[in-house]
Amino acid sequence: MKRYCQTLTLVNDTELIEKYVDVHSHVWPEIIEGQREVGILDMQIFIKDNLLFMICDTVDDFDWERDMARLATLPRQAEWEAYVAQFQGCRADARSDEKWQMMKRIF
C-alpha cells in the first residue's frame with residue numbers, strides 16, 4: 001500500500017466551510033466508485049479551521065500522476081471538482097494538483 005498526504009486551504013468563510021463539510025458527508029457514489037476503480041483504497045479528509053489535510057491510501061502500483069489523470073476522466077468527476085471548487089477558492093476547472101498540495105513525510 002502507498003500513502004499520500006496533501007493539504008488544501010478553504011475559503012475562510014464559516015458558512016462555506018460548513019457547506020463543504022456537509023457535502024463530504026454524502027459524496028456522490030460515482031466519485032467513490034471512480035476512486036476505487038483507479039486504485040484508491042481509502043481517502044480521509046481532516047479539517048482545522050479552513051485548513052484541510054487528506055490521507056489517501058492506494059494500491060502498491062498506484063502512480064499518482066497517471067491514475068489521478070485517469071480519475072479525472074471518469075463519470076461525474078469533473079462535475080464534482082467544479083462543484084467543490086466554490087469552497088476551495090479556485091477556478092471550477094482547476095486540476096486536483098492545482099488545489100491540493102502534496103506533503104513530504106519527515107517522520
# chains A, B, ... in the order shown; residues from 1 in each chain; ligands from 1
>>> residues_around(residues="range 77-83 of chain A", least_positions_apart="5", cutoff="7 Å", atoms="only C-alpha atoms", output="PyMOL selection string")
chain A and resi 31+72+92-93
>>> residues_around(residues="Ile55 in chain A", least_positions_apart="6", cutoff="12 Å", atoms="only C-alpha atoms", output="MDAnalysis selection string")
chainID A and resid 2:8 40:47 100:103 105
>>> write_last_selection(atoms="N, CA, C and O atoms", output="mmCIF file, in the first residue's frame")
data_model
loop_
_atom_site.group_PDB
_atom_site.id
_atom_site.type_symbol
_atom_site.label_atom_id
_atom_site.label_comp_id
_atom_site.auth_asym_id
_atom_site.auth_seq_id
_atom_site.Cartn_x
_atom_site.Cartn_y
_atom_site.Cartn_z
ATOM 1 N N LYS A 2 0.455 2.251 -0.760
ATOM 2 C CA LYS A 2 1.118 3.554 -0.757
ATOM 3 C C LYS A 2 0.209 4.545 -0.043
ATOM 4 O O LYS A 2 -1.015 4.413 -0.070
ATOM 5 N N ARG A 3 0.817 5.537 0.569
ATOM 6 C CA ARG A 3 0.051 6.583 1.254
ATOM 7 C C ARG A 3 0.528 7.942 0.760
ATOM 8 O O ARG A 3 1.722 8.200 0.696
ATOM 9 N N TYR A 4 -0.431 8.783 0.427
ATOM 10 C CA TYR A 4 -0.159 10.151 0.001
ATOM 11 C C TYR A 4 -0.884 11.085 0.963
ATOM 12 O O TYR A 4 -2.013 10.818 1.359
ATOM 13 N N CYS A 5 -0.245 12.202 1.303
ATOM 14 C CA CYS A 5 -0.864 13.197 2.171
ATOM 15 C C CYS A 5 -0.788 14.551 1.479
ATOM 16 O O CYS A 5 0.244 14.905 0.910
ATOM 17 N N GLN A 6 -1.899 15.259 1.539
ATOM 18 C CA GLN A 6 -1.987 16.552 0.883
ATOM 19 C C GLN A 6 -2.690 17.553 1.788
ATOM 20 O O GLN A 6 -3.411 17.170 2.714
ATOM 21 N N THR A 7 -2.513 18.815 1.463
ATOM 22 C CA THR A 7 -3.176 19.876 2.197
ATOM 23 C C THR A 7 -3.830 20.847 1.223
ATOM 24 O O THR A 7 -3.409 20.959 0.072
ATOM 25 N N LEU A 8 -4.856 21.511 1.704
ATOM 26 C CA LEU A 8 -5.586 22.498 0.918
ATOM 27 C C LEU A 8 -6.177 23.510 1.891
ATOM 28 O O LEU A 8 -6.632 23.133 2.972
ATOM 29 N N ILE A 40 -7.547 3.771 -5.494
ATOM 30 C CA ILE A 40 -7.572 4.433 -4.183
ATOM 31 C C ILE A 40 -8.375 3.543 -3.242
ATOM 32 O O ILE A 40 -9.552 3.287 -3.472
ATOM 33 N N LEU A 41 -7.717 3.057 -2.211
ATOM 34 C CA LEU A 41 -8.343 2.149 -1.258
ATOM 35 C C LEU A 41 -9.130 2.890 -0.187
ATOM 36 O O LEU A 41 -10.193 2.438 0.244
ATOM 37 N N ASP A 42 -8.597 4.019 0.250
ATOM 38 C CA ASP A 42 -9.245 4.789 1.313
ATOM 39 C C ASP A 42 -8.786 6.236 1.201
ATOM 40 O O ASP A 42 -7.620 6.502 0.905
ATOM 41 N N MET A 43 -9.710 7.144 1.418
ATOM 42 C CA MET A 43 -9.386 8.565 1.432
ATOM 43 C C MET A 43 -10.069 9.180 2.646
ATOM 44 O O MET A 43 -11.255 8.951 2.872
ATOM 45 N N GLN A 44 -9.284 9.927 3.400
ATOM 46 C CA GLN A 44 -9.818 10.614 4.568
ATOM 47 C C GLN A 44 -9.403 12.067 4.508
ATOM 48 O O GLN A 44 -8.270 12.374 4.121
ATOM 49 N N ILE A 45 -10.316 12.961 4.882
ATOM 50 C CA ILE A 45 -10.015 14.387 4.926
ATOM 51 C C ILE A 45 -10.318 14.885 6.341
ATOM 52 O O ILE A 45 -11.382 14.618 6.884
ATOM 53 N N PHE A 46 -9.354 15.604 6.900
ATOM 54 C CA PHE A 46 -9.482 16.187 8.231
ATOM 55 C C PHE A 46 -9.488 17.699 8.084
ATOM 56 O O PHE A 46 -8.903 18.237 7.135
ATOM 57 N N ILE A 47 -10.131 18.383 9.021
ATOM 58 C CA ILE A 47 -10.237 19.837 8.940
ATOM 59 C C ILE A 47 -9.867 20.487 10.272
ATOM 60 O O ILE A 47 -10.185 19.972 11.343
ATOM 61 N N TRP A 100 -4.856 20.853 -4.335
ATOM 62 C CA TRP A 100 -4.265 20.069 -3.250
ATOM 63 C C TRP A 100 -2.754 20.043 -3.416
ATOM 64 O O TRP A 100 -2.243 19.764 -4.490
ATOM 65 N N GLN A 101 -2.044 20.314 -2.327
ATOM 66 C CA GLN A 101 -0.588 20.320 -2.355
ATOM 67 C C GLN A 101 -0.036 19.093 -1.638
ATOM 68 O O GLN A 101 -0.392 18.826 -0.486
ATOM 69 N N MET A 102 0.793 18.343 -2.368
ATOM 70 C CA MET A 102 1.391 17.132 -1.815
ATOM 71 C C MET A 102 2.337 17.493 -0.676
ATOM 72 O O MET A 102 3.075 18.467 -0.745
ATOM 73 N N MET A 103 2.281 16.698 0.380
ATOM 74 C CA MET A 103 3.136 16.910 1.536
ATOM 75 C C MET A 103 4.229 15.843 1.549
ATOM 76 O O MET A 103 4.031 14.734 1.070
ATOM 77 N N ARG A 105 6.688 13.460 3.729
ATOM 78 C CA ARG A 105 6.809 12.860 5.059
ATOM 79 C C ARG A 105 8.188 13.135 5.630
ATOM 80 O O ARG A 105 9.205 12.914 4.975
#
>>> residues_around(residues="Gln35 in chain A", least_positions_apart="2", cutoff="12 Å", atoms="only C-alpha atoms", output="number ranges by chain")
A: 27-33, 37-43, 56-59, 62, 64, 67-77
>>> select_by_dssp(residues="chain A", states="strand (DSSP E or B)", output="list in words")
Lys2, Arg3, Tyr4, Cys5, Gln6, Thr7, Leu8, Thr9, Ile40, Leu41, Asp42, Met43, Gln44, Ile45, Phe46, Ile47, Lys48, Leu51, Leu52, Phe53, Met54, Ile55, Cys56, Asp57, Thr58, Gln101 and Met102 of chain A
